[in-house]
Structure formats: structure tokens, C-alpha cells
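Novice: Structure below; questions to follow.
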Amino acid sequence: MKILFMGTPEFAREQLSALWENRETYGWEIVGAVSQPDKPKGRGYKMIPTPVKTYAQSVGIAVYQPERVKDEAFLALLAELDPALIVVAAYGKMLPEAVLAYPKYGCINVHGSLLPAYRGAAPIQRAMMDGMRVTGNTIQYMAKGMDTGDIISCDRVEIGENEDFGSLYDRMGKSGAKLLLKTIPAIENGTACRTAQDDACATIAPKIEKAECALDFSLPAEALHNRIRALSPAPLAYTTLYHQGTPMRIKIAASVMGDTADTDASAVCGTVLSLDAKKNEIRVQCGNGSTLCMTAVVPEGKGRMHAGDFIRGRKIAPGDWFGD
RNA sequence: CGCGGAGUAGAGCAGCCUGGUAGCUCGUCGGGCUCAUAACCCGGAGGUCAUGAGGUUCAAAUCCCAUCUCCGCAA
């Protein structure tokens, strides 16, 4: 069976490599990998290839990076490659109906949430930010709307209490790939299920905005903790640290819930209550009488470091405070 | 050439402006105290100060030049 893959980031690369490595077992022919065009990004506006492109090239899969998938040129490419199935994972563009209708077995999509929850661009981060304990991948037949297609299969992935997005993202990608390997044969031999989504239960997971990365210490520690780990290792939650009155922009890479018994009711939210370089903790007053221990930070111009190192090097002390 | 920060001991930092003994908080090693300890006391090892047989100087971590690497912002 001819399969065309479409995807862009690391999550998608995980799916593609699973397809590639098992192509002989299942008799698949990967006819191409479609990925977003390279764009000047990062420091100095260097062109950064997408993970899917890098992988595809390394194993010799043809790479296509159309600016638009809605024009004739892309349909012509489809006709040329003639895939029986299109597998999409975090491609980053909506596909027109003409494309969805082309393959014999349809277009399927690996989505990083248990649909109909968290439809959209950032399902994994949003689930973590909401403090969910369980999420999963869903494979759906793509439909016109955003992640509204009929469900074929899904898996279940538990979210650790102190796990961060990077770790969960990695596990989700691998789990999704396993699911994909089970699902495609079922589609091919006609035993796949097809269940419509209940739109009434749908929720949206929009992409992460910059403004959401700012920490508001009047929130309860749990909300802050969920936000910090959902944004780690990128783009990272940030705040301002006032050290001896001098402001310094700082990102928070990791945290754990603090001891609630030992809070200072009179302390303003954001105040550093105590530090322990050995335990690697900067304990901060948060809303509702809760406290949060920051365990890893990224000071401006520096890389990620343990809170203990930061305390030792910068001589952070109780009375310093976080806020804006 | 988008803007900016940074490279000093295993980690995190200071010193640089106003050149002249390599410093701080830890870690590590050895010893001591203690029922005991991540606590405390004493002692030690560990650094071509990113690179350049560069420039200036009697003398460069420090001033000047070039290169490399890392990072933040902006996209």
C-alpha cells in the first residue's frame, strides 16, 4: 500500500519513523513526506529544517514542502504519488476536501488528545496545563473541521504529577506511533472502527500564546505548577525576579508543590519565603495560602540550571520576590 | 549582516571600568567533633581566566583586534 505522510515537528517524526521502520513488515511503500516549508527562524534567521524533513532525507524518503496545499500543484503531486492512504500528524495546515477525498483509504490523523477533548494545535500542553492526570492519542479520519473527524482508535497515556511537557510529548509520540502501527492494518483489512465524535463534549486547545507564559503568583501553586511544567522545556514560563530590588527577567523550568503548612499569611504573593540550596528549592508564596518550590530556572543569557546553583551563584535570599 | 547577553576549578558566580598575589557559595579528597547527620570545625587537591607562538604594555582575566561556542529577545 502506498502511504503519503504529512507532518512537521518531532511528534510527527516519531510517527514517520515508525511507518518507515515497519514498512517491510506490513508491505507499505512510503511515497513521500510532506512538511512545512523551511522558514528563517531563530538567532540570525537561519533556515531550520523540520524534524520530519531531516528524518525523511536521512532515510531517503522524498520530501515535499508546498507553500499551499489548496492549489492545483499539490493535487497534481497527489495524482503523481497516488497514495492509498495519507497519514497526517501535526502537519500545521488544514487540508482541503479535494485532498481528504483523494486516497482510497482516506486521510487519517494522529492527534495528541482523547478527542473530542482538546481539538487544535496544542492538545498536550493544554491537558497538562489543566492538571489532567490522563490523556492519550486519537487516530481519526480527517474531516472538514479541525480535529472533528470520526474516531478510529485511541490509546491512554498517564501524566505524571511532576512530569513536564517535554517528557510527556516524547511519550505521546511513541505511544501514538504504536497506535498507528495497530490501526493502519485494521484500516487496510476493513476491520477498523469508525465512531463519530460527540461535538457537545468538544473542547479547544489553541496554540500557546506568549502572554500565557507569564506567571501570576496570586494564582494557587497548583495552577502555577501545571503552567510551568506544561511550558517546559519550551517556551518556558517567565517572570521577573527582584533581587535586592534589582529586576531580572527569569524563566522557570521546573517546580514542585511546596509545603503548605509553613506559609506566611502576611507575605505578598511572589515573595521568596525560604531557600534551600541543598534541596534545590526556592519556595515562593502563592495564592490561597499555597506555596511553590522552584527547582530549575533559566536566567537571562544563561542556560537551564538547578535552583540550588542559582541560589549559590546569585546569592538569592528570603525577601527577594517574583512578580511583574 | 535583525537586536542583545555570556564563556574564569566539577557546578553557579565575583574580579575587568581605574592592568600588577586567582576570589566567593558549593562540590570533591583527607582529618576532627557527634549516638548520628544533608550540621559544625581544620586541612588539601583542582584553573593554559573560550581560542589566536594576535596587538598595546615592563606587566593582560582585565585594554584593542579577529575567530569559535552557548544563551535571551525578536520573527
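Order determines the names: the first chain of the C-alpha cells is A, the second B, and so forth; residues in each chain are numbered 1 upward, and ligands are numbered 1 upward as they are shown.
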Contacts from chain B to chain A, 12 Å maximum, only C-alpha atoms (C1' of nucleotides): show me the residue list as number ranges by chain.
Specialist: B: 1-7, 11-14, 24-27, 38, 70-75
Novice: Given the selection you just returned, output its residues as a file containing N, CA, C and O atoms (P, O5', C5', C4', C3', O3' and C1' of nucleotides), formatted as a short mmCIF file (atom, residue, chain, number, x, y, z; two decimals), in the first residue's frame.
Specialist:
```cif
data_model
loop_
_atom_site.label_atom_id
_atom_site.label_comp_id
_atom_site.auth_asym_id
_atom_site.auth_seq_id
_atom_site.Cartn_x
_atom_site.Cartn_y
_atom_site.Cartn_z
P C B 1 22.48 45.34 6.80
"O5'" C B 1 22.79 44.43 8.11
"C5'" C B 1 21.93 43.38 8.22
"C4'" C B 1 22.60 42.12 7.76
"C3'" C B 1 22.48 40.94 8.72
"O3'" C B 1 21.23 40.32 8.63
"C1'" C B 1 24.70 41.09 8.02
P G B 2 20.85 39.40 9.89
"O5'" G B 2 20.69 40.48 11.06
"C5'" G B 2 20.54 41.85 10.68
"C4'" G B 2 19.45 42.49 11.49
"C3'" G B 2 19.79 42.63 12.97
"O3'" G B 2 20.55 43.81 13.19
"C1'" G B 2 17.65 41.67 12.78
P C B 3 21.83 43.75 14.13
"O5'" C B 3 21.14 43.96 15.56
"C5'" C B 3 20.45 45.17 15.86
"C4'" C B 3 19.81 45.06 17.23
"C3'" C B 3 20.75 44.65 18.35
"O3'" C B 3 21.51 45.74 18.85
"C1'" C B 3 18.80 43.35 18.46
P G B 4 23.07 45.46 19.27
"O5'" G B 4 22.91 44.60 20.61
"C5'" G B 4 22.42 45.23 21.79
"C4'" G B 4 22.01 44.19 22.80
"C3'" G B 4 23.12 43.37 23.45
"O3'" G B 4 23.81 44.07 24.49
"C1'" G B 4 21.32 41.96 22.89
P G B 5 25.30 43.55 24.91
"O5'" G B 5 24.97 42.27 25.80
"C5'" G B 5 24.34 42.41 27.07
"C4'" G B 5 24.13 41.05 27.69
"C3'" G B 5 25.40 40.26 27.98
"O3'" G B 5 26.00 40.64 29.20
"C1'" G B 5 23.84 38.85 26.90
P A B 6 27.62 40.55 29.31
"O5'" A B 6 27.87 38.98 29.29
"C5'" A B 6 27.32 38.17 30.30
"C4'" A B 6 27.56 36.71 29.99
"C3'" A B 6 29.02 36.30 29.83
"O3'" A B 6 29.63 36.13 31.09
"C1'" A B 6 27.70 35.29 28.14
P G B 7 31.24 35.86 31.13
"O5'" G B 7 31.21 34.33 30.72
"C5'" G B 7 32.17 33.44 31.19
"C4'" G B 7 32.16 32.20 30.35
"C3'" G B 7 33.57 31.67 30.10
"O3'" G B 7 33.67 30.31 30.48
"C1'" G B 7 32.38 32.00 28.03
P A B 11 31.92 22.58 35.25
"O5'" A B 11 30.77 22.78 36.33
"C5'" A B 11 29.55 22.06 36.23
"C4'" A B 11 28.53 22.61 37.19
"C3'" A B 11 28.35 24.12 37.13
"O3'" A B 11 27.48 24.51 36.07
"C1'" A B 11 28.58 23.47 39.38
P G B 12 27.71 25.94 35.35
"O5'" G B 12 27.20 26.93 36.49
"C5'" G B 12 25.83 26.92 36.87
"C4'" G B 12 25.61 27.87 38.02
"C3'" G B 12 26.14 29.28 37.80
"O3'" G B 12 25.23 30.05 37.04
"C1'" G B 12 26.83 28.51 39.93
P C B 13 25.71 31.38 36.31
"O5'" C B 13 26.19 32.24 37.55
"C5'" C B 13 27.05 33.36 37.35
"C4'" C B 13 27.42 33.87 38.71
"C3'" C B 13 28.44 35.00 38.71
"O3'" C B 13 27.82 36.25 38.53
"C1'" C B 13 29.10 33.34 40.27
P A B 14 28.62 37.39 37.72
"O5'" A B 14 29.80 37.79 38.71
"C5'" A B 14 29.48 38.41 39.95
"C4'" A B 14 30.70 38.64 40.81
"C3'" A B 14 31.82 39.52 40.27
"O3'" A B 14 31.47 40.89 40.27
"C1'" A B 14 32.70 37.74 41.54
P C B 24 37.87 32.90 48.95
"O5'" C B 24 36.37 33.21 48.53
"C5'" C B 24 35.70 34.34 49.08
"C4'" C B 24 34.26 34.33 48.65
"C3'" C B 24 33.49 33.06 48.98
"O3'" C B 24 33.02 33.07 50.31
"C1'" C B 24 33.06 33.70 46.74
P U B 25 32.78 31.69 51.07
"O5'" U B 25 31.46 31.13 50.37
"C5'" U B 25 30.20 31.75 50.61
"C4'" U B 25 29.14 31.00 49.85
"C3'" U B 25 29.15 29.50 50.05
"O3'" U B 25 28.48 29.13 51.24
"C1'" U B 25 28.97 29.98 47.75
P C B 26 28.66 27.69 51.83
"O5'" C B 26 28.24 26.72 50.64
"C5'" C B 26 28.88 25.46 50.47
"C4'" C B 26 28.38 24.85 49.20
"C3'" C B 26 28.90 23.45 48.89
"O3'" C B 26 28.16 22.46 49.58
"C1'" C B 26 29.07 24.79 46.96
P G B 27 28.92 21.17 50.10
"O5'" G B 27 29.39 20.45 48.75
"C5'" G B 27 28.43 19.93 47.84
"C4'" G B 27 29.14 19.45 46.60
"C3'" G B 27 30.25 18.43 46.84
"O3'" G B 27 29.73 17.11 46.92
"C1'" G B 27 31.04 20.11 45.40
P A B 38 26.48 13.58 56.18
"O5'" A B 38 25.77 14.88 55.65
"C5'" A B 38 25.65 15.10 54.28
"C4'" A B 38 24.70 16.25 54.02
"C3'" A B 38 24.69 17.35 55.05
"O3'" A B 38 25.70 18.26 54.71
"C1'" A B 38 22.49 16.87 54.22
P C B 70 26.75 26.19 19.72
"O5'" C B 70 26.41 26.78 21.16
"C5'" C B 70 26.39 25.94 22.30
"C4'" C B 70 26.07 26.74 23.53
"C3'" C B 70 24.75 27.50 23.49
"O3'" C B 70 23.63 26.69 23.77
"C1'" C B 70 26.44 28.93 24.30
P C B 71 22.22 27.03 23.11
"O5'" C B 71 21.77 28.32 23.91
"C5'" C B 71 21.50 28.24 25.29
"C4'" C B 71 21.34 29.61 25.89
"C3'" C B 71 20.20 30.46 25.32
"O3'" C B 71 18.94 30.10 25.88
"C1'" C B 71 22.14 31.78 25.53
P G B 72 17.62 30.39 25.07
"O5'" G B 72 17.37 31.94 25.38
"C5'" G B 72 17.00 32.36 26.68
"C4'" G B 72 16.90 33.86 26.74
"C3'" G B 72 15.95 34.49 25.72
"O3'" G B 72 14.60 34.46 26.15
"C1'" G B 72 17.99 35.65 25.70
P C B 73 13.47 34.36 25.01
"O5'" C B 73 13.52 35.82 24.38
"C5'" C B 73 13.11 36.96 25.13
"C4'" C B 73 13.36 38.21 24.34
"C3'" C B 73 12.51 38.35 23.07
"O3'" C B 73 11.22 38.88 23.36
"C1'" C B 73 14.76 38.85 22.58
P A B 74 9.99 38.40 22.48
"O5'" A B 74 10.36 38.97 21.03
"C5'" A B 74 10.38 40.37 20.77
"C4'" A B 74 10.94 40.61 19.39
"C3'" A B 74 10.18 39.90 18.27
"O3'" A B 74 9.08 40.67 17.82
"C1'" A B 74 12.50 39.48 18.06
P A B 75 7.89 39.91 17.10
"O5'" A B 75 8.60 39.44 15.76
"C5'" A B 75 7.81 38.91 14.72
"C4'" A B 75 8.71 38.24 13.72
"C3'" A B 75 8.18 36.91 13.23
"O3'" A B 75 7.27 37.10 12.14
"C1'" A B 75 10.40 36.62 13.94
#
```
Novice: Determine which residues of segment 67-167 of chain A receive a DSSP assignment of alpha helix (DSSP H), computed from the backbone, and state them as a list in words.
Specialist: Glu72, Ala73, Phe74, Leu75, Ala76, Leu77, Leu78, Ala79, Glu80, Leu81, Glu97, Ala98, Val99, Leu100, Ala101, Pro123, Ile124, Gln125, Arg126, Ala127, Met128, Met129, Phe165, Gly166 and Ser167 of chain A
Novice: Counting only C-alpha atoms, which residue out of A:Pro83, A:Gly245, A:Gly258, A:Gly270 sits closest to Thr295 of chain A?
Specialist: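 Checking each candidate against Thr295 of chain A, we get A:Gly258 as the closest.
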Novice: Would you give me, as a PyMOL selection string, the residues in segment 217-311 of chain A that DSSP reads as strand (DSSP E or B)?
Specialist: chain A and resi 220+237-243+246-257+271-276+281-285+287+291-299+305-306
Novice: What separation in Å, quoted to one decimal, exists between atom CA of Ala196 of chain A and atom CA of Ser175 of chain A?
Specialist: 22.5 Å
Novice: Could you pull the residues within 9 Å of Leu168 of chain A, counting only C-alpha atoms (C1' of nucleotides), minus those fewer than 2 positions along the same chain, as a PyMOL selection string?
Specialist: chain A and resi 124+128+157-160+163-166+170-173
Novice: Would you put the residues from that selection into a file with N, CA and C atoms, as a tab-separated table (two decimals), in the first residue's frame?
Specialist:
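Output file selection_5.tsv follows:
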```tsv
chain	number	residue	atom	x	y	z
A	124	ILE	N	-1.48	18.61	23.93
A	124	ILE	CA	-0.68	18.04	25.00
A	124	ILE	C	-0.40	19.07	26.09
A	128	MET	N	-2.00	19.25	30.11
A	128	MET	CA	-1.13	19.36	31.27
A	128	MET	C	-1.41	20.65	32.04
A	157	VAL	N	-2.56	7.62	27.93
A	157	VAL	CA	-1.24	7.97	28.46
A	157	VAL	C	-1.45	8.72	29.77
A	158	GLU	N	-0.84	8.20	30.84
A	158	GLU	CA	-0.98	8.86	32.14
A	158	GLU	C	0.02	10.01	32.24
A	159	ILE	N	-0.38	11.04	32.92
A	159	ILE	CA	0.50	12.20	33.09
A	159	ILE	C	1.03	12.21	34.52
A	160	GLY	N	2.34	12.19	34.65
A	160	GLY	CA	2.95	12.19	35.98
A	160	GLY	C	2.73	13.52	36.68
A	163	GLU	N	5.69	15.57	35.97
A	163	GLU	CA	6.23	15.43	34.62
A	163	GLU	C	6.13	16.74	33.87
A	164	ASP	N	7.06	16.99	32.97
A	164	ASP	CA	6.93	18.21	32.18
A	164	ASP	C	6.52	17.87	30.75
A	165	PHE	N	6.24	18.91	30.02
A	165	PHE	CA	5.74	18.75	28.66
A	165	PHE	C	6.71	17.96	27.80
A	166	GLY	N	7.99	18.25	27.92
A	166	GLY	CA	8.97	17.57	27.09
A	166	GLY	C	8.90	16.06	27.24
A	170	ASP	N	7.29	13.41	24.39
A	170	ASP	CA	8.09	12.29	23.92
A	170	ASP	C	7.32	10.97	24.04
A	171	ARG	N	6.71	10.76	25.20
A	171	ARG	CA	5.96	9.51	25.41
A	171	ARG	C	4.73	9.44	24.52
A	172	MET	N	4.09	10.59	24.36
A	172	MET	CA	2.90	10.64	23.50
A	172	MET	C	3.26	10.27	22.06
A	173	GLY	N	4.39	10.78	21.61
A	173	GLY	CA	4.81	10.50	20.25
A	173	GLY	C	5.04	9.01	20.04
```
Novice: So that I can check the surroundings of Ile61 of chain A, please list as a list in words every protein, DNA and RNA residue that reaches within 7 Å of it, counting only C-alpha atoms (C1' of nucleotides) and ignoring chain neighbours fewer than 4 positions away.
Specialist: Gly32, Ala33, Ala56 and Gln57 of chain A
Novice: Write out the residues from the selection above, keeping N, CA and C atoms, as a short mmCIF file (atom, residue, chain, number, x, y, z; two decimals), in the first residue's frame.
Specialist:
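Writing the result to selection-v4.cif gives the following:
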```
data_model
loop_
_atom_site.label_atom_id
_atom_site.label_comp_id
_atom_site.auth_asym_id
_atom_site.auth_seq_id
_atom_site.Cartn_x
_atom_site.Cartn_y
_atom_site.Cartn_z
N GLY A 32 6.27 9.47 0.12
CA GLY A 32 6.77 10.82 0.32
C GLY A 32 6.43 11.35 1.69
N ALA A 33 7.12 12.42 2.07
CA ALA A 33 6.85 13.10 3.34
C ALA A 33 6.63 14.57 3.03
N ALA A 56 13.31 12.29 7.05
CA ALA A 56 12.96 11.75 5.74
C ALA A 56 14.18 11.74 4.82
N GLN A 57 14.92 12.81 4.85
CA GLN A 57 16.11 12.88 4.00
C GLN A 57 17.16 11.86 4.42
#
```
Novice: Could you tell me which of A:Leu100, A:Val268, A:Val69, A:Leu292 comes closest to Asn226 of chain A if we count only C-alpha atoms?
Specialist: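 Smallest separation from Asn226 of chain A among the options: A:Leu292.
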Novice: Would you mind reading off the distance between atom CA of Thr148 of chain A and atom CA of Pro66 of chain A, one decimal, in Å?
Specialist: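 The value is 24.2 Å.
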Novice: Identify, on the basis of only C-alpha atoms (C1' of nucleotides), every residue whose closest approach to Leu236 of chain A does not exceed 7 Å; exclude the query and any residue fewer than 2 positions from it along the same chain; express the result as a PyMOL selection string.
Specialist: chain A and resi 213+228+231-234+238+251-253
Novice: What does the file look like for those residues with C-alpha atoms, as a CSV table (one decimal), in the first residue's frame?
Specialist:
```
chain,number,residue,atom,x,y,z
A,213,CYS,CA,3.8,32.2,29.7
A,228,ILE,CA,5.4,25.8,34.5
A,231,LEU,CA,5.6,25.1,29.1
A,232,SER,CA,8.9,23.3,29.9
A,233,PRO,CA,11.3,22.9,28.2
A,234,ALA,CA,9.8,25.4,25.7
A,238,TYR,CA,8.7,33.5,32.8
A,251,LYS,CA,12.3,31.7,33.3
A,252,ILE,CA,11.1,28.9,35.5
A,253,ALA,CA,11.8,25.5,34.1
```
Novice: What is the atom CA of Pro318 of chain A-atom CA of Glu222 of chain A distance in Å, reported with one decimal?
Specialist: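 Separation of atom CA of Pro318 of chain A and atom CA of Glu222 of chain A: 21.7 Å.
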